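Text of the file input-v8.tsv, holding TSV, C-alpha atoms and all ligand atoms:
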```tsv
chain	number	residue	atom	x	y	z
L	19	MET	CA	34.88	-3.05	39.94
L	20	PRO	CA	35.39	-0.06	37.60
L	21	ARG	CA	37.80	2.47	38.99
L	22	ASP	CA	37.25	6.22	39.14
L	23	LEU	CA	40.70	7.30	40.28
L	24	PRO	CA	44.20	6.28	39.13
L	25	LEU	CA	45.56	3.39	41.18
L	26	ALA	CA	48.63	3.78	43.41
L	27	PRO	CA	51.89	2.00	42.42
L	28	VAL	CA	51.46	-1.75	42.51
L	29	SER	CA	53.97	-2.52	45.29
L	30	GLU	CA	52.37	0.12	47.49
L	31	ARG	CA	48.93	-1.32	46.89
L	32	ALA	CA	50.11	-4.87	47.63
L	33	ALA	CA	51.60	-3.76	50.96
L	34	THR	CA	48.47	-1.79	51.88
L	35	LEU	CA	46.16	-4.66	51.03
L	36	ASN	CA	48.27	-7.27	52.84
L	37	ALA	CA	48.20	-5.11	55.96
L	38	ARG	CA	44.49	-4.45	55.60
L	39	TYR	CA	43.48	-8.08	55.15
L	40	ARG	CA	46.21	-9.78	57.20
L	41	HIS	CA	43.77	-11.37	59.63
L	42	HIS	CA	41.05	-12.22	57.15
L	43	ALA	CA	40.02	-15.68	55.98
L	44	ALA	CA	40.03	-16.80	52.36
L	45	VAL	CA	36.41	-16.00	51.59
L	46	ALA	CA	36.69	-12.53	53.13
L	47	VAL	CA	39.85	-11.80	51.12
L	48	LEU	CA	38.10	-12.87	47.95
L	49	GLU	CA	35.00	-10.87	48.77
L	50	HIS	CA	37.00	-7.72	49.39
L	51	ALA	CA	39.15	-8.32	46.32
L	52	LEU	CA	36.02	-8.20	44.21
L	53	ARG	CA	34.97	-4.77	45.45
L	54	ASP	CA	37.95	-2.98	47.02
L	55	PRO	CA	38.72	0.09	44.83
L	56	GLU	CA	42.41	-0.56	45.52
L	57	LEU	CA	42.12	-3.66	43.32
L	58	GLY	CA	40.43	-2.12	40.27
L	59	ARG	CA	39.15	-4.52	37.60
L	60	VAL	CA	39.56	-8.14	38.69
L	61	ALA	CA	39.42	-11.51	36.89
L	62	LEU	CA	39.84	-15.06	38.13
L	63	VAL	CA	42.35	-17.16	36.20
L	64	SER	CA	41.49	-20.85	36.49
L	65	SER	CA	42.94	-24.02	35.02
L	66	PHE	CA	39.83	-25.99	36.02
L	67	GLY	CA	42.34	-28.42	37.52
L	68	ALA	CA	42.34	-30.62	40.62
L	69	GLU	CA	41.57	-27.90	43.19
L	70	SER	CA	40.13	-25.14	41.02
L	71	VAL	CA	36.53	-25.82	41.92
L	72	VAL	CA	37.03	-24.18	45.35
L	73	LEU	CA	37.62	-20.68	44.00
L	74	LEU	CA	35.17	-21.19	41.16
L	75	HIS	CA	32.49	-22.03	43.71
L	76	MET	CA	33.36	-19.04	45.91
L	77	ILE	CA	33.15	-16.75	42.89
L	78	ALA	CA	29.87	-18.33	41.79
L	79	VAL	CA	28.37	-17.64	45.22
L	80	LYS	CA	29.74	-14.10	45.65
L	81	ALA	CA	29.84	-12.65	42.15
L	82	PRO	CA	29.01	-15.08	39.31
L	83	ALA	CA	29.50	-12.42	36.63
L	84	THR	CA	33.20	-12.07	37.48
L	85	PRO	CA	35.29	-12.78	34.38
L	86	VAL	CA	36.91	-16.23	34.59
L	87	LEU	CA	39.87	-16.73	32.26
L	88	PHE	CA	40.48	-20.34	31.25
L	89	ILE	CA	43.70	-21.02	29.35
L	90	ASP	CA	43.18	-23.76	26.80
L	91	THR	CA	46.69	-24.67	25.67
L	92	ARG	CA	45.21	-27.14	23.15
L	93	MET	CA	47.27	-29.71	25.04
L	94	LEU	CA	44.80	-30.32	27.87
L	95	PHE	CA	43.24	-33.64	28.77
L	96	ALA	CA	39.82	-34.24	27.23
L	97	GLU	CA	38.63	-34.75	30.82
L	98	THR	CA	39.65	-31.18	31.68
L	99	LEU	CA	37.67	-29.74	28.78
L	100	ASP	CA	34.59	-31.76	29.77
L	101	TYR	CA	35.00	-30.80	33.42
L	102	GLN	CA	35.42	-27.12	32.54
L	103	ALA	CA	32.16	-27.03	30.59
L	104	ARG	CA	30.26	-28.94	33.28
L	105	VAL	CA	31.53	-26.92	36.24
L	106	ALA	CA	30.93	-23.58	34.50
L	107	ARG	CA	27.39	-24.62	33.65
L	108	ASP	CA	26.50	-26.20	37.00
L	109	LEU	CA	27.93	-23.35	39.09
L	110	GLY	CA	26.23	-20.72	36.94
L	111	LEU	CA	29.42	-18.84	36.07
L	112	ARG	CA	28.31	-16.13	33.66
L	113	ASP	CA	31.51	-14.91	32.05
L	114	VAL	CA	33.98	-17.72	31.36
L	115	ARG	CA	36.45	-16.69	28.66
L	116	THR	CA	38.54	-19.37	26.98
L	117	ILE	CA	41.86	-18.01	25.88
L	118	ARG	CA	44.26	-19.65	23.46
L	119	ALA	CA	47.38	-18.96	21.47
L	120	GLY	CA	46.51	-17.91	17.92
L	121	ALA	CA	46.86	-20.29	14.98
L	122	ALA	CA	49.54	-18.08	13.39
L	123	ALA	CA	51.69	-18.08	16.54
L	124	LEU	CA	51.37	-21.85	16.86
L	125	ALA	CA	52.25	-22.35	13.20
L	126	ALA	CA	55.26	-20.09	13.55
L	127	HIS	CA	56.67	-21.55	16.77
L	128	ASP	CA	55.24	-25.05	17.23
L	129	LEU	CA	54.24	-26.38	13.85
L	130	ASP	CA	54.67	-30.03	14.82
L	131	GLY	CA	53.17	-29.65	18.30
L	132	MET	CA	56.36	-31.01	19.89
L	133	LEU	CA	57.80	-27.81	21.33
L	134	HIS	CA	56.94	-29.10	24.81
L	135	GLN	CA	59.66	-31.75	24.32
L	136	ARG	CA	62.29	-29.47	22.80
L	137	ASP	CA	61.79	-26.43	25.06
L	138	PRO	CA	59.00	-26.64	27.63
L	139	ASP	CA	59.60	-23.10	28.88
L	140	ALA	CA	59.11	-21.75	25.37
L	141	CYS	CA	56.02	-23.92	24.97
L	142	CYS	CA	54.50	-22.57	28.21
L	143	ALA	CA	55.31	-19.04	27.08
L	144	LEU	CA	53.65	-19.62	23.71
L	145	ARG	CA	50.58	-21.49	24.89
L	146	LYS	CA	50.00	-20.02	28.37
L	147	SER	CA	51.86	-16.87	29.30
L	148	ALA	CA	51.52	-14.88	26.08
L	149	PRO	CA	47.76	-15.43	25.60
L	150	LEU	CA	47.20	-14.80	29.30
L	151	GLU	CA	49.08	-11.54	29.14
L	152	VAL	CA	46.87	-10.43	26.25
L	153	ALA	CA	43.70	-11.49	28.07
L	154	LEU	CA	44.76	-9.66	31.24
L	155	LYS	CA	45.27	-6.34	29.48
L	156	GLY	CA	41.91	-5.00	30.64
L	157	PHE	CA	42.42	-5.99	34.26
L	158	ASP	CA	44.22	-4.46	37.23
L	159	ALA	CA	44.34	-7.68	39.26
L	160	TRP	CA	43.83	-11.40	38.88
L	161	ILE	CA	42.88	-14.06	41.37
L	162	THR	CA	44.81	-17.32	41.51
L	163	GLY	CA	44.40	-20.53	43.48
L	164	ARG	CA	48.05	-20.80	44.51
L	165	LYS	CA	48.81	-21.96	48.04
L	166	ARG	CA	51.85	-21.95	50.29
L	167	PHE	CA	51.89	-25.70	50.81
L	168	GLN	CA	52.17	-26.49	47.10
L	169	ALA	CA	55.87	-25.70	46.67
L	170	GLY	CA	58.88	-24.33	48.50
L	171	SER	CA	58.85	-21.39	46.10
L	172	ARG	CA	55.39	-20.51	47.40
L	173	ALA	CA	56.22	-20.82	51.13
L	174	ALA	CA	56.00	-17.07	51.76
L	175	LEU	CA	53.08	-16.41	49.43
L	176	ASP	CA	50.98	-13.41	50.51
L	177	PHE	CA	47.33	-12.68	49.79
L	178	PHE	CA	48.38	-9.86	47.48
L	179	GLU	CA	51.55	-9.55	45.41
L	180	PRO	CA	52.75	-7.32	42.60
L	181	ASN	CA	52.62	-8.90	39.14
L	182	GLY	CA	54.73	-6.84	36.81
L	183	ALA	CA	54.64	-3.09	36.94
L	184	HIS	CA	50.91	-2.46	37.03
L	185	ARG	CA	48.95	-5.51	38.08
L	186	LEU	CA	48.26	-7.37	41.32
L	187	LYS	CA	47.88	-11.06	41.94
L	188	VAL	CA	45.41	-12.10	44.62
L	189	ASN	CA	45.90	-15.45	46.35
L	190	PRO	CA	42.91	-15.91	48.69
L	191	LEU	CA	43.83	-19.54	49.44
L	192	ALA	CA	47.48	-18.80	50.22
L	193	HIS	CA	47.19	-20.19	53.76
L	194	TRP	CA	45.05	-23.23	52.97
L	195	ASP	CA	46.43	-26.75	53.18
L	196	ARG	CA	45.32	-29.90	51.41
L	197	ASP	CA	42.76	-30.75	54.10
L	198	ASP	CA	41.13	-27.31	53.83
L	199	VAL	CA	40.67	-27.89	50.11
L	200	ALA	CA	39.28	-31.40	50.58
L	201	ASP	CA	36.93	-30.25	53.35
L	202	TYR	CA	35.58	-27.37	51.28
L	203	ILE	CA	34.93	-29.64	48.31
L	204	THR	CA	33.22	-32.25	50.49
L	205	ASN	CA	31.18	-29.81	52.55
L	206	ASN	CA	29.88	-28.05	49.44
L	207	ARG	CA	29.38	-31.29	47.50
L	208	LEU	CA	31.43	-30.04	44.59
L	209	PRO	CA	32.48	-32.26	41.67
L	210	ARG	CA	36.12	-33.25	41.56
L	211	HIS	CA	38.14	-33.33	38.38
L	212	PRO	CA	37.76	-36.96	37.18
L	213	LEU	CA	41.52	-37.48	36.93
L	214	VAL	CA	42.02	-36.94	40.67
L	215	ALA	CA	40.56	-40.39	41.34
L	216	ARG	CA	42.96	-41.81	38.75
L	217	GLY	CA	46.09	-40.63	40.56
L	218	TYR	CA	46.50	-37.05	39.32
L	219	PRO	CA	46.50	-34.67	42.32
L	220	SER	CA	47.86	-31.85	40.13
L	221	ILE	CA	46.68	-31.53	36.54
L	222	GLY	CA	48.20	-29.54	33.70
L	223	CYS	CA	48.70	-30.33	30.02
L	224	ALA	CA	48.44	-33.98	28.96
L	225	PRO	CA	52.01	-34.38	27.63
L	226	CYS	CA	53.49	-32.84	30.78
L	227	THR	CA	51.38	-34.47	33.50
L	228	SER	CA	51.68	-38.04	34.79
L	229	PRO	CA	50.03	-39.89	37.69
L	230	VAL	CA	51.60	-39.69	41.13
L	231	ALA	CA	52.31	-42.71	43.35
L	232	PRO	CA	51.19	-42.79	47.00
L	233	GLY	CA	53.70	-40.87	49.13
L	234	GLU	CA	55.07	-38.84	46.23
L	235	ASP	CA	54.91	-35.05	46.19
L	236	PRO	CA	51.54	-34.12	44.65
L	237	ARG	CA	53.27	-32.03	42.00
L	238	ALA	CA	55.79	-34.79	41.14
L	239	GLY	CA	53.72	-35.65	38.08
L	240	ARG	CA	54.17	-32.21	36.53
L	241	TRP	CA	57.07	-32.13	34.04
L	242	ARG	CA	58.27	-35.42	35.55
L	243	GLY	CA	61.97	-36.07	35.05
L	244	GLN	CA	62.70	-32.44	34.21
L	245	ALA	CA	64.13	-29.69	36.38
L	246	LYS	CA	61.15	-27.56	35.42
L	247	GLN	CA	58.64	-27.13	38.25
L	248	GLU	CA	56.79	-24.00	37.26
L	249	CYS	CA	55.70	-22.22	34.14
L	250	GLY	CA	59.11	-20.56	33.98
L	251	ILE	CA	58.08	-17.42	32.13
L	252	HIS	CA	56.72	-14.24	33.55
L	253	PHE	CA	56.21	-10.74	32.28
L	254	ILE	CA	57.95	-7.58	33.31
L	255	GLY	CA	56.85	-4.41	31.62
L	256	GLY	CA	55.07	-6.38	28.92
L	257	ARG	CA	58.15	-8.46	28.01
L	258	ALA	CA	58.48	-12.20	28.53
L	259	VAL	CA	61.32	-12.99	30.95
L	260	ARG	CA	62.70	-16.38	31.90
L	261	GLY	CA	62.86	-17.05	35.61
L	262	PRO	CA	61.67	-19.20	38.51
L	263	LYS	CA	58.11	-18.01	38.48
L	264	GLU	CA	55.00	-19.98	39.21
L	265	ASP	CA	52.44	-21.29	36.77
L	266	THR	CA	48.75	-20.58	37.00
W	301	LIG	S1	52.63	-27.62	30.32
W	301	LIG	FE1	53.70	-28.71	28.63
W	301	LIG	S2	52.31	-28.75	26.85
W	301	LIG	FE2	51.48	-27.29	28.37
W	301	LIG	S3	52.19	-25.34	27.67
W	301	LIG	FE3	53.72	-26.04	29.19
W	301	LIG	S4	55.29	-27.25	28.07
W	301	LIG	FE4	53.49	-26.88	26.68
```
Would you mind writing the structure in this file as structure tokens?
Amino acid sequence: MPRDLPLAPVSERAATLNARYRHHAAVAVLEHALRDPELGRVALVSSFGAESVVLLHMIAVKAPATPVLFIDTRMLFAETLDYQARVARDLGLRDVRTIRAGAAALAAHDLDGMLHQRDPDACCALRKSAPLEVALKGFDAWITGRKRFQAGSRAALDFFEPNGAHRLKVNPLAHWDRDDVADYITNNRLPRHPLVARGYPSIGCAPCTSPVAPGEDPRAGRWRGQAKQECGIHFIGGRAVRGPKEDT
């Protein structure tokens, strides 16, 4: 929603919104996020991964013209690219924006395409965080599909959280568990990412995602064998900073 008045400081707005929507369910939080003046201009950031179709469907039902930012790292599975095109078309999403690192940046920092092996944090910064930061410049808030159950680092995740100095992150599914996701997908007859049936409960870039065995943590296939669990780069005041921050 366009804003008429300057927005309050981001931490103040996050606290206000968390108090305001504390007892609301996911759909209500999303609905309000799309029109509450406290949020300003809002986009959904989606990986079109294993669980993404839930929020994509909610957005399609409530406000299909909402900008959807899809980060194509140029390292994604072919199945993800096919799924992205199909889901966007079938759900009637009207403003899906594919964002990528520029050719010059890739040539300068990852000429051989092997940066993910040498320095995965730098690779995520180059291929995900930097293009996302550029794409988010026109927005005051972005919606993510992150959930508390996904990782210990997300255990206290709120519906609204500050993201840098000026922007909010909105996590409408923060309190959902795996069964909530599965039920929503089943009840709404939504298509699953084809790799889920092949043992990938969490799907990122092809070189950094492997199948997960029964009983393993669902995110065990992400950066398997490395200490890295999250994107590892976030932005403070427009500058990339290394730290234990979540991916998208
Ligand atoms: S997930 Fe892997 S390939 Fe994708 S951007 Fe990060 S390090 Fe690079």
Worksheet item: Any idea what's packed within 10 Å of range 207-214 of chain L, counting all atoms listed in the file, ignoring anything in its chain fewer than 2 positions away? Could you give it as a PyMOL selection string?
Response: chain L and resi 66-72+75+95+97-98+100-102+104-105+108-109+200-205+216-221+229-230
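Counting from CA of Asp158 in chain L, the distance to CA of Arg115 in chain L is 16.8 Å.
When all atoms listed in the file are used to measure the gap to Val47 in chain L, the shortest distance among L:Pro190, L:Pro225, L:Pro236, L:Gly243 belongs to L:Pro190.
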Compile the contact shell of Lys165 in chain L as a PDB file with C-alpha atoms, in the frame of the given file: residues with an atom at most 6 Å away, counting only C-alpha atoms, same-chain residues fewer than 3 positions apart removed.
```pdb
ATOM      1  CA  GLN L 168      52.170 -26.490  47.100  1.00  0.00           C
ATOM      2  CA  LEU L 191      43.830 -19.540  49.440  1.00  0.00           C
ATOM      3  CA  ALA L 192      47.480 -18.800  50.220  1.00  0.00           C
TER       4      ALA L 192
END
```
Item to complete: Tell me, as JSON, numbers by chain, which residues lie within 12 Å of Lys155 in chain L, counting only C-alpha atoms; anything in the same chain fewer than 6 positions away does not count.
Response: {"L": [59, 60, 61, 148, 149, 182, 184, 185, 255, 256]}
Go through chain L residue by residue and, counting only C-alpha atoms and all ligand atoms, keep those with an atom at most 8 Å from ligand LIG 301 (chain W); for each kept residue give the shortest atom pair and its distance in Å to one decimal, ordered by chain and increasing number, as a Markdown table.
```
| residue | atom | partner | partner_atom | distance |
| --- | --- | --- | --- | --- |
| L:Thr91 | CA | W:LIG301 | S3 | 5.9 |
| L:Met93 | CA | W:LIG301 | S2 | 5.4 |
| L:Leu94 | CA | W:LIG301 | FE2 | 7.4 |
| L:Leu133 | CA | W:LIG301 | FE4 | 6.9 |
| L:His134 | CA | W:LIG301 | S4 | 4.1 |
| L:Gln135 | CA | W:LIG301 | S4 | 7.3 |
| L:Asp137 | CA | W:LIG301 | S4 | 7.2 |
| L:Pro138 | CA | W:LIG301 | S4 | 3.8 |
| L:Asp139 | CA | W:LIG301 | S4 | 6.0 |
| L:Ala140 | CA | W:LIG301 | S4 | 7.2 |
| L:Cys141 | CA | W:LIG301 | FE4 | 4.3 |
| L:Cys142 | CA | W:LIG301 | S3 | 3.6 |
| L:Ala143 | CA | W:LIG301 | S3 | 7.1 |
| L:Leu144 | CA | W:LIG301 | S3 | 7.1 |
| L:Arg145 | CA | W:LIG301 | S3 | 5.0 |
| L:Lys146 | CA | W:LIG301 | S3 | 5.8 |
| L:Gly222 | CA | W:LIG301 | S1 | 5.9 |
| L:Cys223 | CA | W:LIG301 | FE2 | 4.4 |
| L:Ala224 | CA | W:LIG301 | S2 | 6.8 |
| L:Pro225 | CA | W:LIG301 | S2 | 5.7 |
| L:Cys226 | CA | W:LIG301 | FE1 | 4.7 |
| L:Thr227 | CA | W:LIG301 | S1 | 7.7 |
| L:Arg240 | CA | W:LIG301 | S1 | 7.9 |
| L:Trp241 | CA | W:LIG301 | FE1 | 7.2 |
| L:Cys249 | CA | W:LIG301 | FE3 | 6.6 |
```
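Among the candidates L:Ala126, L:Ala37, L:Ala106, L:Ala51, the one nearest to Val86 in chain L when counting all atoms listed in the file is L:Ala106.
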Practice prompt. Work out how far apart CA of Arg40 in chain L and CA of Asp235 in chain L are and give it in Å to one decimal.
Written response: 28.9 Å
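Of note, CA of Thr84 in chain L and CA of Asp198 in chain L are spaced 23.7 Å apart.
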Expected file content for range 47-151 of chain L, C-alpha atoms, as a short mmCIF file (atom, residue, chain, number, x, y, z; two decimals), in the first residue's frame:
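That gives us result_15.cif:
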```
data_model
loop_
_atom_site.label_atom_id
_atom_site.label_comp_id
_atom_site.auth_asym_id
_atom_site.auth_seq_id
_atom_site.Cartn_x
_atom_site.Cartn_y
_atom_site.Cartn_z
CA VAL L 47 -1.56 -11.43 9.66
CA LEU L 48 -0.89 -11.61 5.94
CA GLU L 49 -4.11 -9.81 5.09
CA HIS L 50 -3.34 -6.97 7.47
CA ALA L 51 0.28 -6.83 6.32
CA LEU L 52 -0.95 -6.09 2.83
CA ARG L 53 -2.98 -3.07 3.87
CA ASP L 54 -1.82 -1.81 7.27
CA PRO L 55 -0.32 1.69 6.74
CA GLU L 56 2.27 0.81 9.39
CA LEU L 57 3.78 -1.62 6.87
CA GLY L 58 4.06 0.68 3.85
CA ARG L 59 4.97 -0.93 0.52
CA VAL L 60 5.14 -4.72 0.82
CA ALA L 61 6.58 -7.51 -1.36
CA LEU L 62 6.65 -11.27 -0.92
CA VAL L 63 10.08 -12.88 -1.30
CA SER L 64 9.74 -16.49 -2.40
CA SER L 65 12.19 -19.22 -3.32
CA PHE L 66 9.41 -21.31 -4.89
CA GLY L 67 10.83 -24.09 -2.74
CA ALA L 68 9.28 -27.01 -0.86
CA GLU L 69 6.76 -25.01 1.22
CA SER L 70 6.54 -21.76 -0.73
CA VAL L 71 3.25 -22.56 -2.39
CA VAL L 72 1.37 -21.86 0.87
CA LEU L 73 2.16 -18.15 0.96
CA LEU L 74 2.00 -17.86 -2.81
CA HIS L 75 -1.53 -19.25 -2.70
CA MET L 76 -2.57 -16.94 0.16
CA ILE L 77 -1.24 -13.96 -1.78
CA ALA L 78 -2.96 -15.12 -4.97
CA VAL L 79 -6.28 -15.29 -3.13
CA LYS L 80 -5.95 -12.02 -1.20
CA ALA L 81 -3.98 -9.72 -3.49
CA PRO L 82 -2.60 -11.33 -6.68
CA ALA L 83 -0.97 -8.09 -7.84
CA THR L 84 1.39 -8.06 -4.85
CA PRO L 85 4.99 -8.00 -6.07
CA VAL L 86 6.62 -11.43 -5.67
CA LEU L 87 10.42 -11.39 -5.73
CA PHE L 88 12.00 -14.64 -6.90
CA ILE L 89 15.78 -14.89 -6.51
CA ASP L 90 17.27 -16.88 -9.36
CA THR L 91 20.84 -17.56 -8.26
CA ARG L 92 21.52 -19.26 -11.62
CA MET L 93 22.37 -22.28 -9.48
CA LEU L 94 18.81 -23.53 -8.97
CA PHE L 95 17.50 -26.93 -9.95
CA ALA L 96 15.80 -27.04 -13.35
CA GLU L 97 12.78 -28.41 -11.47
CA THR L 98 12.58 -25.21 -9.41
CA LEU L 99 12.55 -23.03 -12.52
CA ASP L 100 9.81 -25.16 -14.10
CA TYR L 101 7.81 -25.17 -10.86
CA GLN L 102 8.17 -21.40 -10.48
CA ALA L 103 6.75 -20.74 -13.94
CA ARG L 104 3.90 -23.23 -13.47
CA VAL L 105 2.86 -22.05 -10.01
CA ALA L 106 2.96 -18.37 -10.98
CA ARG L 107 0.82 -19.07 -14.02
CA ASP L 108 -1.67 -21.43 -12.36
CA LEU L 109 -2.19 -19.25 -9.29
CA GLY L 110 -2.60 -16.11 -11.40
CA LEU L 111 0.18 -14.15 -9.70
CA ARG L 112 0.37 -10.89 -11.63
CA ASP L 113 3.69 -9.38 -10.62
CA VAL L 114 6.45 -11.98 -10.24
CA ARG L 115 9.87 -10.36 -10.55
CA THR L 116 12.89 -12.57 -11.12
CA ILE L 117 15.98 -11.05 -9.63
CA ARG L 118 19.55 -12.08 -10.35
CA ALA L 119 23.11 -10.98 -9.81
CA GLY L 120 24.40 -9.04 -12.81
CA ALA L 121 26.76 -10.60 -15.34
CA ALA L 122 29.52 -8.13 -14.43
CA ALA L 123 29.33 -8.98 -10.71
CA LEU L 124 29.41 -12.70 -11.48
CA ALA L 125 32.37 -12.28 -13.83
CA ALA L 126 34.23 -10.25 -11.23
CA HIS L 127 33.61 -12.52 -8.24
CA ASP L 128 32.69 -15.98 -9.51
CA LEU L 129 34.10 -16.38 -12.98
CA ASP L 130 34.36 -20.16 -12.77
CA GLY L 131 31.05 -20.65 -10.97
CA MET L 132 32.80 -22.45 -8.09
CA LEU L 133 32.64 -19.75 -5.42
CA HIS L 134 30.06 -21.87 -3.59
CA GLN L 135 32.86 -24.37 -2.86
CA ARG L 136 35.53 -21.84 -1.92
CA ASP L 137 33.37 -19.47 0.15
CA PRO L 138 29.65 -20.25 0.35
CA ASP L 139 28.90 -17.16 2.43
CA ALA L 140 30.42 -14.95 -0.25
CA CYS L 141 28.52 -16.88 -2.91
CA CYS L 142 25.20 -16.36 -1.09
CA ALA L 143 26.02 -12.68 -0.70
CA LEU L 144 26.81 -12.34 -4.39
CA ARG L 145 23.94 -14.38 -5.79
CA LYS L 146 21.20 -13.82 -3.18
CA SER L 147 21.67 -11.06 -0.66
CA ALA L 148 23.06 -8.31 -2.88
CA PRO L 149 20.45 -8.63 -5.67
CA LEU L 150 17.71 -8.95 -3.07
CA GLU L 151 18.84 -5.80 -1.33
#
```
